[in-house]
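Okay, entry_6.cif is below, mmCIF, C-alpha atoms and all ligand atoms:
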data_target
loop_
_atom_site.group_PDB
_atom_site.id
_atom_site.type_symbol
_atom_site.label_atom_id
_atom_site.label_comp_id
_atom_site.auth_asym_id
_atom_site.auth_seq_id
_atom_site.Cartn_x
_atom_site.Cartn_y
_atom_site.Cartn_z
ATOM 1 C CA MET U 1 -11.798 5.767 1.955
ATOM 2 C CA HIS U 2 -9.650 5.627 -1.143
ATOM 3 C CA LYS U 3 -5.968 6.589 -1.118
ATOM 4 C CA GLN U 4 -3.310 6.600 -3.781
ATOM 5 C CA LEU U 5 0.268 6.347 -2.555
ATOM 6 C CA LYS U 6 3.527 6.848 -4.386
ATOM 7 C CA VAL U 7 5.866 4.019 -3.428
ATOM 8 C CA ASP U 8 9.553 3.768 -4.267
ATOM 9 C CA GLY U 9 11.464 0.510 -4.546
ATOM 10 C CA MET U 10 9.034 -1.781 -6.322
ATOM 11 C CA SER U 11 11.006 -3.387 -9.131
ATOM 12 C CA CYS U 12 9.056 -6.458 -10.150
ATOM 13 C CA GLN U 13 5.979 -8.620 -9.817
ATOM 14 C CA HIS U 14 7.286 -10.019 -6.544
ATOM 15 C CA CYS U 15 7.355 -6.556 -4.977
ATOM 16 C CA LYS U 16 3.835 -5.960 -6.189
ATOM 17 C CA MET U 17 2.624 -9.231 -4.720
ATOM 18 C CA SER U 18 4.293 -8.761 -1.353
ATOM 19 C CA ILE U 19 2.686 -5.343 -0.898
ATOM 20 C CA GLU U 20 -0.723 -6.523 -2.057
ATOM 21 C CA THR U 21 -0.618 -9.641 0.110
ATOM 22 C CA ALA U 22 0.406 -7.707 3.216
ATOM 23 C CA LEU U 23 -2.150 -4.929 2.780
ATOM 24 C CA ASN U 24 -5.033 -7.188 1.815
ATOM 25 C CA SER U 25 -4.478 -9.317 4.919
ATOM 26 C CA ILE U 26 -5.112 -6.322 7.208
ATOM 27 C CA THR U 27 -8.566 -6.059 8.722
ATOM 28 C CA GLY U 28 -10.268 -2.979 7.354
ATOM 29 C CA VAL U 29 -8.556 -3.067 3.972
ATOM 30 C CA GLN U 30 -11.160 -3.643 1.312
ATOM 31 C CA ARG U 31 -8.830 -3.705 -1.654
ATOM 32 C CA ALA U 32 -5.181 -2.908 -2.285
ATOM 33 C CA ILE U 33 -3.541 -2.898 -5.706
ATOM 34 C CA ALA U 34 0.116 -2.151 -6.425
ATOM 35 C CA PHE U 35 1.380 -0.972 -9.801
ATOM 36 C CA HIS U 36 5.112 -1.643 -9.660
ATOM 37 C CA GLU U 37 5.909 -0.089 -13.039
ATOM 38 C CA GLU U 38 4.263 3.156 -11.995
ATOM 39 C CA GLY U 39 5.418 3.095 -8.376
ATOM 40 C CA ARG U 40 1.869 3.445 -7.210
ATOM 41 C CA VAL U 41 -0.350 1.729 -4.669
ATOM 42 C CA GLU U 42 -4.090 2.180 -4.472
ATOM 43 C CA ILE U 43 -5.893 1.274 -1.275
ATOM 44 C CA ASP U 44 -9.534 1.207 -0.325
ATOM 45 C CA PHE U 45 -10.016 0.878 3.399
ATOM 46 C CA ASN U 46 -12.442 1.461 6.239
ATOM 47 C CA GLU U 47 -11.183 4.330 8.395
ATOM 48 C CA SER U 48 -13.020 3.064 11.455
ATOM 49 C CA GLN U 49 -10.966 -0.147 11.365
ATOM 50 C CA ILE U 50 -7.527 0.940 10.188
ATOM 51 C CA ASP U 51 -5.689 4.234 9.794
ATOM 52 C CA LEU U 52 -3.518 5.330 6.907
ATOM 53 C CA ALA U 53 -0.366 5.595 9.043
ATOM 54 C CA THR U 54 -0.562 1.884 9.824
ATOM 55 C CA LEU U 55 -0.911 1.051 6.146
ATOM 56 C CA ILE U 56 2.084 3.247 5.278
ATOM 57 C CA ASN U 57 4.126 1.615 8.046
ATOM 58 C CA THR U 58 3.234 -1.801 6.666
ATOM 59 C CA ILE U 59 4.637 -0.845 3.266
ATOM 60 C CA ASP U 60 7.733 0.705 4.861
ATOM 61 C CA ASP U 61 8.326 -2.427 6.945
ATOM 62 C CA LEU U 62 8.452 -4.497 3.760
ATOM 63 C CA GLY U 63 11.419 -2.402 2.636
ATOM 64 C CA PHE U 64 9.682 0.041 0.322
ATOM 65 C CA GLU U 65 9.428 3.774 0.711
ATOM 66 C CA VAL U 66 6.165 5.667 0.654
ATOM 67 C CA ILE U 67 6.992 9.013 -0.944
ATOM 68 C CA THR U 68 3.848 11.066 -0.657
ATOM 69 C CA ASP U 69 0.470 10.924 0.897
ATOM 70 C CA GLN U 70 -1.760 12.374 -1.778
ATOM 71 C CA GLU U 71 -4.964 13.643 -0.231
HETATM 72 CU CU CU W 1 10.549 -7.079 -6.859
#
Rewrite the structure from the file as structure tokens, please.
Ligand SMILES: [Cu+2]
Amino acid sequence: MHKQLKVDGMSCQHCKMSIETALNSITGVQRAIAFHEEGRVEIDFNESQIDLATLINTIDDLGFEVITDQE
């Protein structure tokens, strides 16, 4: 499944890397890319291994805010 999330609070390359590192270390995440200048995170993941709420919580726990869940 592919999801695009709007994420507030990413200000630099470090923010981008911390989100990408955290998401890509989760079992079931195939690929996560953060675009800090656009405030956007793209995630490809296997729904049978991980759910979207967990991925959103992971981003929130890093101190960023997920604004919308675009279907
Ligand atoms: Cu930063």
Q: For region 50-62 of chain U, list every protein, DNA or RNA residue within 10 Å, evaluated using all atoms listed in the file, and leave out those in the same chain fewer than 4 positions away; present the list as a PyMOL selection string.
A: chain U and resi 1+3+5+7-8+15+18-20+22-23+26-29+41+43+45-46+66-69
Q) Looking at U:Phe64, U:Arg40, U:Ser48, U:Lys6, which one is nearest to ligand CU 1 (chain W), with distances taken over only C-alpha atoms and all ligand atoms? A) U:Phe64
Q) Evaluating the PyMOL selection byres (((not hetatm)) within 9 of (chain W and resi 1)) on the displayed file yields which residues, as a list in words? A)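 So the PyMOL selection byres (((not hetatm)) within 9 of (chain W and resi 1)), applied here, picks out Gly9, Met10, Ser11, Cys12, Gln13, His14, Cys15, Lys16, Met17, Ser18 and His36 of chain U.
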